[in-house]
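K.L.:
Sharing a structure below in structure tokens format, with a few things to ask.
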Amino acid sequence: VTQINHFGIAVKDLETAAQVYQAMGLSVSEVIDVPEQKVRVAFIPVGETTIELVQPTSEDSPVATYLEKRGEGMHHLALQVEDITAALSELEGQGRRLIDRTPRQGAEGKIAFLHPKSTGRVLIELVEDES
């Protein structure tokens with residue numbers, strides 16, 4: 001792990017949620033659709049990390065299920081790694097439960113999730129930046 005990449009916050013509406021952060025002087029740098037994840041994402045840079053607002057684009061999106069069960073709020077913590085495949089192998093070797101055994105495409109690069117039951121009840125996303 002090299003740094004915190006972003007904090008993911010599940011929201012019902014990106015524009016409404018972004019207004020809270022804009023009132024604090026922050027700006028949305030980019031909004032993108034991630035069809036593979038069935039979400040629309042707004043990035044709000046804060047120092048060397050980012051707040052990622054995540055809105056489902058489909059009722060069968062995992063984020064839509066999360067919102068239905070828990071409501072809006074903190075969804076996941078994303079940690080930057082240099083080699084996501086090696087990180088997944090190491091974590092699985094330690095007995096950590098993986099949601100993704102192999103990386104998939106995310107908004108900013110390769111991603112994979114660790115199951116909250118093996119991380120102290122926190123959904124952790126690993127991110128290997130493509131830049």
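In the structure tokens, chains take the letters A, B, ... in the order shown, each chain's residues start at 1, and ligands count up from 1 in the order shown.
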I'd like the contact shell of Ser118 in chain A - 12 Å cut-off, only C-alpha atoms, skipping same-chain residues fewer than 2 positions apart - returned as a list in words.
P.N.:
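Everything that qualifies: Leu91, Glu92, Gln94, Gly95, Arg96, Arg97, Leu98, Ile99, Phe113, Leu114, His115, Pro116, Gly120, Arg121, Val122, Leu123 and Ile124 of chain A.
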K.L.:
Please produce an output containing N, CA and C atoms for each residue in the selection, written as an mmCIF file, in the first residue's frame.
P.N.:
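Output contents, as saved in result_33.cif:
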```cif
data_model
loop_
_atom_site.group_PDB
_atom_site.id
_atom_site.type_symbol
_atom_site.label_atom_id
_atom_site.label_comp_id
_atom_site.auth_asym_id
_atom_site.auth_seq_id
_atom_site.Cartn_x
_atom_site.Cartn_y
_atom_site.Cartn_z
ATOM 1 N N LEU A 91 -2.571 -11.180 0.166
ATOM 2 C CA LEU A 91 -3.697 -11.094 1.104
ATOM 3 C C LEU A 91 -4.459 -12.411 1.196
ATOM 4 N N GLU A 92 -4.649 -13.062 0.057
ATOM 5 C CA GLU A 92 -5.321 -14.361 0.079
ATOM 6 C C GLU A 92 -4.479 -15.381 0.847
ATOM 7 N N GLN A 94 -2.691 -14.766 3.325
ATOM 8 C CA GLN A 94 -2.852 -14.445 4.745
ATOM 9 C C GLN A 94 -4.230 -14.848 5.265
ATOM 10 N N GLY A 95 -5.060 -15.393 4.383
ATOM 11 C CA GLY A 95 -6.394 -15.818 4.799
ATOM 12 C C GLY A 95 -7.465 -14.762 4.668
ATOM 13 N N ARG A 96 -7.168 -13.659 4.011
ATOM 14 C CA ARG A 96 -8.175 -12.608 3.812
ATOM 15 C C ARG A 96 -9.171 -13.064 2.760
ATOM 16 N N ARG A 97 -10.426 -12.765 2.987
ATOM 17 C CA ARG A 97 -11.490 -13.120 2.043
ATOM 18 C C ARG A 97 -11.539 -12.065 0.940
ATOM 19 N N LEU A 98 -11.456 -12.499 -0.295
ATOM 20 C CA LEU A 98 -11.462 -11.595 -1.438
ATOM 21 C C LEU A 98 -12.824 -11.620 -2.118
ATOM 22 N N ILE A 99 -13.307 -10.463 -2.498
ATOM 23 C CA ILE A 99 -14.484 -10.396 -3.357
ATOM 24 C C ILE A 99 -14.034 -10.641 -4.789
ATOM 25 N N PHE A 113 -11.764 -5.802 -4.705
ATOM 26 C CA PHE A 113 -12.308 -5.558 -3.373
ATOM 27 C C PHE A 113 -12.011 -6.708 -2.431
ATOM 28 N N LEU A 114 -11.779 -6.343 -1.159
ATOM 29 C CA LEU A 114 -11.626 -7.310 -0.076
ATOM 30 C C LEU A 114 -12.938 -7.340 0.687
ATOM 31 N N HIS A 115 -13.334 -8.517 1.125
ATOM 32 C CA HIS A 115 -14.613 -8.657 1.825
ATOM 33 C C HIS A 115 -14.534 -8.012 3.205
ATOM 34 N N PRO A 116 -15.552 -7.236 3.594
ATOM 35 C CA PRO A 116 -15.538 -6.556 4.898
ATOM 36 C C PRO A 116 -15.436 -7.504 6.093
ATOM 37 N N GLY A 120 -12.174 -6.130 9.284
ATOM 38 C CA GLY A 120 -12.690 -5.294 10.369
ATOM 39 C C GLY A 120 -13.954 -4.551 9.997
ATOM 40 N N ARG A 121 -14.760 -5.146 9.114
ATOM 41 C CA ARG A 121 -16.066 -4.606 8.706
ATOM 42 C C ARG A 121 -15.964 -3.397 7.775
ATOM 43 N N VAL A 122 -14.816 -3.219 7.131
ATOM 44 C CA VAL A 122 -14.640 -2.116 6.180
ATOM 45 C C VAL A 122 -14.455 -2.715 4.801
ATOM 46 N N LEU A 123 -15.253 -2.247 3.825
ATOM 47 C CA LEU A 123 -15.059 -2.657 2.445
ATOM 48 C C LEU A 123 -13.812 -1.928 1.934
ATOM 49 N N ILE A 124 -12.788 -2.696 1.584
ATOM 50 C CA ILE A 124 -11.539 -2.108 1.107
ATOM 51 C C ILE A 124 -11.380 -2.409 -0.378
#
```
K.L.:
Hey, what's within 8 Å of Asn5 in chain A if we count only C-alpha atoms and toss same-chain stuff fewer than 2 positions away? As a list in words, please?
P.N.:
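What passes the distance filter is Gln3, Phe7, Thr49, Thr50, Ala78, Leu79, Gln80 and Val127 of chain A.
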K.L.:
For C-alpha atoms, I'd like the residues from the last selection saved as a compact mmCIF listing (two decimals), in the first residue's frame.
P.N.:
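This went into again_11.txt:
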```txt
# COMPACT_ATOMS: atom_id res chain seq x y z
CA GLN A 3 -1.33 5.76 -0.06
CA PHE A 7 -12.91 7.44 0.04
CA THR A 49 -6.59 12.00 -1.95
CA THR A 50 -10.06 12.11 -3.45
CA ALA A 78 -9.57 2.63 -1.51
CA LEU A 79 -5.88 1.95 -1.04
CA GLN A 80 -3.29 2.47 -3.76
CA VAL A 127 -6.42 0.33 -6.81
```
K.L.:
Can you tell me, as a VMD selection string, what residues are no more than 10 Å from Asp33 in chain A when counting only C-alpha atoms, ignoring any on the same chain fewer than 5 positions away?
P.N.:
chain A and resid 38 to 42 54 to 57 107
K.L.:
Generate the output file for the selected residues, C-alpha atoms, as a CSV table (one decimal), in the first residue's frame.
P.N.:
```csv
chain,number,residue,atom,x,y,z
A,38,LYS,CA,-23.2,0.0,-13.0
A,39,VAL,CA,-22.3,3.4,-11.4
A,40,ARG,CA,-21.7,7.0,-12.2
A,41,VAL,CA,-18.8,8.6,-10.2
A,42,ALA,CA,-17.9,12.1,-9.3
A,54,VAL,CA,-20.8,6.8,-6.3
A,55,GLN,CA,-24.3,6.8,-7.7
A,56,PRO,CA,-25.8,3.6,-9.0
A,57,THR,CA,-27.1,3.6,-12.6
A,107,ALA,CA,-12.9,4.3,-12.9
```
K.L.:
Among range 2-130 of chain A, which ones does DSSP place in alpha helix (DSSP H), written as a list in words?
P.N.:
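Here are the alpha helix (DSSP H) residues of range 2-130 of chain A: Leu14, Glu15, Thr16, Ala17, Ala18, Gln19, Val20, Tyr21, Gln22, Pro62, Val63, Ala64, Thr65, Tyr66, Leu67, Glu68, Lys69, Arg70, Ile84, Thr85, Ala86, Ala87, Leu88, Ser89, Glu90, Leu91, Glu92 and Gly93 of chain A.
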K.L.:
Just write the chosen residues, C-alpha atoms, as an mmCIF file, in the first residue's frame.
P.N.:
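Contents of the output file out03.cif:
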```cif
data_model
loop_
_atom_site.group_PDB
_atom_site.id
_atom_site.type_symbol
_atom_site.label_atom_id
_atom_site.label_comp_id
_atom_site.auth_asym_id
_atom_site.auth_seq_id
_atom_site.Cartn_x
_atom_site.Cartn_y
_atom_site.Cartn_z
ATOM 1 C CA LEU A 14 -24.378 12.973 -7.547
ATOM 2 C CA GLU A 15 -25.380 16.575 -8.125
ATOM 3 C CA THR A 16 -27.173 16.922 -4.801
ATOM 4 C CA ALA A 17 -24.352 15.222 -2.896
ATOM 5 C CA ALA A 18 -21.692 17.330 -4.635
ATOM 6 C CA GLN A 19 -23.367 20.533 -3.405
ATOM 7 C CA VAL A 20 -22.345 19.688 0.177
ATOM 8 C CA TYR A 21 -18.681 19.600 -0.800
ATOM 9 C CA GLN A 22 -18.954 22.617 -3.095
ATOM 10 C CA PRO A 62 -24.179 -3.468 -5.788
ATOM 11 C CA VAL A 63 -24.233 0.207 -4.784
ATOM 12 C CA ALA A 64 -28.025 0.313 -5.247
ATOM 13 C CA THR A 65 -28.291 -2.698 -2.918
ATOM 14 C CA TYR A 66 -26.019 -0.954 -0.418
ATOM 15 C CA LEU A 67 -28.155 2.206 -0.505
ATOM 16 C CA GLU A 68 -31.339 0.205 -0.020
ATOM 17 C CA LYS A 69 -29.934 -1.585 3.041
ATOM 18 C CA ARG A 70 -27.836 1.153 4.655
ATOM 19 C CA ILE A 84 -2.613 -5.377 -7.503
ATOM 20 C CA THR A 85 -2.140 -8.995 -8.590
ATOM 21 C CA ALA A 86 0.701 -9.483 -6.107
ATOM 22 C CA ALA A 87 -1.271 -7.719 -3.361
ATOM 23 C CA LEU A 88 -4.288 -9.992 -3.908
ATOM 24 C CA SER A 89 -2.101 -13.084 -3.823
ATOM 25 C CA GLU A 90 -0.412 -11.974 -0.614
ATOM 26 C CA LEU A 91 -3.697 -11.094 1.104
ATOM 27 C CA GLU A 92 -5.321 -14.361 0.079
ATOM 28 C CA GLY A 93 -2.254 -16.177 1.409
#
```
K.L.:
State, in Å with one decimal place, the distance from CA of Asp100 in chain A to CA of Lys12 in chain A.
P.N.:
24.9 Å
K.L.:
For Leu77 in chain A, which residue out of A:Glu128, A:Glu108, A:Glu52, A:Glu36 is the nearest one, using only C-alpha atoms?
P.N.:
A:Glu52
K.L.:
Given the choices A:Leu26, A:His6, A:Glu48, A:Val34, which gets closest to Glu125 in chain A if the distance is worked out from only C-alpha atoms?
P.N.:
A:His6
K.L.:
Measuring atom to atom with only C-alpha atoms, identify which of A:Leu126, A:Phe43, A:Leu53, A:Gly8 is nearest to Val81 in chain A.
P.N.:
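Closest candidate: A:Leu126.
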K.L.:
Can you tell me how far CA of Ser29 in chain A sits from CA of Ile51 in chain A, in Å to one decimal?
P.N.:
10.5 Å
K.L.:
Out of A:Asp13, A:Gln37, A:Gly73, A:Ser61, which residue has the shortest atom-to-atom distance to Ala112 in chain A when counting only C-alpha atoms?
P.N.:
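Result for the nearest residue to Ala112 in chain A: A:Gln37.
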K.L.:
Could you tell me how far CA of Pro45 in chain A sits from CA of Gln105 in chain A, in Å to one decimal place?
P.N.:
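Pair CA of Gln105 in chain A / CA of Pro45 in chain A returns 20.9 Å.
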K.L.:
Using DSSP on the backbone coordinates, identify all residues within range 33-110 of chain A classified as strand (DSSP E); present the result as a CSV table (one decimal) with N, CA, C and O atoms, in the first residue's frame.
P.N.:
```csv
chain,number,residue,atom,x,y,z
A,33,ASP,N,-19.0,7.7,-16.2
A,33,ASP,CA,-19.8,6.5,-16.0
A,33,ASP,C,-18.9,5.3,-16.1
A,33,ASP,O,-17.9,5.3,-16.8
A,34,VAL,N,-19.2,4.3,-15.2
A,34,VAL,CA,-18.4,3.1,-15.2
A,34,VAL,C,-19.4,1.9,-15.4
A,34,VAL,O,-20.0,1.4,-14.4
A,39,VAL,N,-22.3,2.2,-12.2
A,39,VAL,CA,-22.3,3.4,-11.4
A,39,VAL,C,-21.9,4.6,-12.2
A,39,VAL,O,-21.2,4.4,-13.3
A,40,ARG,N,-22.2,5.7,-11.7
A,40,ARG,CA,-21.7,7.0,-12.2
A,40,ARG,C,-20.9,7.6,-11.0
A,40,ARG,O,-21.4,7.6,-9.9
A,41,VAL,N,-19.7,8.1,-11.3
A,41,VAL,CA,-18.8,8.6,-10.2
A,41,VAL,C,-18.4,10.0,-10.4
A,41,VAL,O,-18.0,10.4,-11.5
A,42,ALA,N,-18.4,10.8,-9.3
A,42,ALA,CA,-17.9,12.1,-9.3
A,42,ALA,C,-16.6,12.2,-8.4
A,42,ALA,O,-16.7,11.7,-7.3
A,43,PHE,N,-15.6,12.8,-8.9
A,43,PHE,CA,-14.3,12.9,-8.2
A,43,PHE,C,-14.2,14.3,-7.6
A,43,PHE,O,-14.3,15.3,-8.3
A,44,ILE,N,-13.9,14.3,-6.3
A,44,ILE,CA,-13.6,15.6,-5.6
A,44,ILE,C,-12.3,15.5,-5.0
A,44,ILE,O,-12.1,14.9,-3.9
A,45,PRO,N,-11.2,16.2,-5.6
A,45,PRO,CA,-9.9,16.1,-5.0
A,45,PRO,C,-9.8,16.9,-3.7
A,45,PRO,O,-10.4,18.0,-3.6
A,46,VAL,N,-9.1,16.3,-2.8
A,46,VAL,CA,-8.9,17.0,-1.5
A,46,VAL,C,-7.4,16.6,-1.1
A,46,VAL,O,-7.1,15.5,-0.7
A,49,THR,N,-5.6,13.1,-1.8
A,49,THR,CA,-6.6,12.0,-1.9
A,49,THR,C,-7.8,12.5,-2.6
A,49,THR,O,-7.9,13.7,-3.1
A,50,THR,N,-8.8,11.7,-2.7
A,50,THR,CA,-10.1,12.1,-3.5
A,50,THR,C,-11.3,11.6,-2.7
A,50,THR,O,-11.2,10.5,-2.2
A,51,ILE,N,-12.3,12.3,-2.7
A,51,ILE,CA,-13.6,11.8,-2.3
A,51,ILE,C,-14.3,11.4,-3.6
A,51,ILE,O,-14.3,12.1,-4.6
A,52,GLU,N,-14.8,10.2,-3.6
A,52,GLU,CA,-15.5,9.6,-4.8
A,52,GLU,C,-16.9,9.4,-4.4
A,52,GLU,O,-17.3,8.6,-3.6
A,53,LEU,N,-17.8,10.2,-5.1
A,53,LEU,CA,-19.2,10.0,-4.9
A,53,LEU,C,-19.7,9.0,-5.9
A,53,LEU,O,-19.4,9.1,-7.1
A,54,VAL,N,-20.4,8.0,-5.4
A,54,VAL,CA,-20.8,6.8,-6.3
A,54,VAL,C,-22.3,6.7,-6.3
A,54,VAL,O,-22.9,6.5,-5.3
A,55,GLN,N,-22.9,6.9,-7.5
A,55,GLN,CA,-24.3,6.8,-7.7
A,55,GLN,C,-24.6,5.6,-8.6
A,55,GLN,O,-24.0,5.4,-9.6
A,56,PRO,N,-25.5,4.7,-8.2
A,56,PRO,CA,-25.8,3.6,-9.0
A,56,PRO,C,-26.6,4.0,-10.3
A,56,PRO,O,-27.3,5.0,-10.2
A,73,GLY,N,-23.9,7.2,2.5
A,73,GLY,CA,-22.8,7.3,3.4
A,73,GLY,C,-21.6,6.6,2.9
A,73,GLY,O,-21.5,6.1,1.8
A,74,MET,N,-20.6,6.5,3.9
A,74,MET,CA,-19.3,5.9,3.6
A,74,MET,C,-19.6,4.5,3.0
A,74,MET,O,-20.2,3.7,3.7
A,75,HIS,N,-19.0,4.2,1.9
A,75,HIS,CA,-19.1,2.9,1.2
A,75,HIS,C,-17.8,2.1,1.3
A,75,HIS,O,-17.9,0.9,1.6
A,76,HIS,N,-16.7,2.7,0.9
A,76,HIS,CA,-15.4,2.0,0.9
A,76,HIS,C,-14.2,2.9,1.1
A,76,HIS,O,-14.3,4.1,0.9
A,77,LEU,N,-13.1,2.3,1.4
A,77,LEU,CA,-11.8,2.9,1.5
A,77,LEU,C,-11.0,2.3,0.4
A,77,LEU,O,-10.8,1.1,0.4
A,78,ALA,N,-10.4,3.1,-0.4
A,78,ALA,CA,-9.6,2.6,-1.5
A,78,ALA,C,-8.1,2.9,-1.2
A,78,ALA,O,-7.7,4.0,-0.9
A,79,LEU,N,-7.3,1.9,-1.3
A,79,LEU,CA,-5.9,1.9,-1.0
A,79,LEU,C,-5.1,1.7,-2.3
A,79,LEU,O,-5.4,0.8,-3.1
A,80,GLN,N,-4.1,2.6,-2.6
A,80,GLN,CA,-3.3,2.5,-3.8
A,80,GLN,C,-2.2,1.4,-3.5
A,80,GLN,O,-1.6,1.3,-2.5
A,104,ARG,N,-10.3,-6.1,-11.8
A,104,ARG,CA,-11.2,-5.7,-12.8
A,104,ARG,C,-11.0,-4.3,-13.1
A,104,ARG,O,-10.4,-3.6,-12.4
A,105,GLN,N,-11.7,-3.8,-14.2
A,105,GLN,CA,-11.5,-2.4,-14.6
A,105,GLN,C,-12.4,-1.5,-13.7
A,105,GLN,O,-13.6,-1.8,-13.5
A,109,GLY,N,-8.4,2.7,-13.0
A,109,GLY,CA,-7.4,1.7,-13.3
A,109,GLY,C,-7.9,0.3,-12.8
A,109,GLY,O,-9.1,0.1,-12.7
A,110,LYS,N,-7.0,-0.6,-12.5
A,110,LYS,CA,-7.4,-1.9,-12.1
A,110,LYS,C,-7.8,-1.8,-10.6
A,110,LYS,O,-7.1,-1.2,-9.8
```
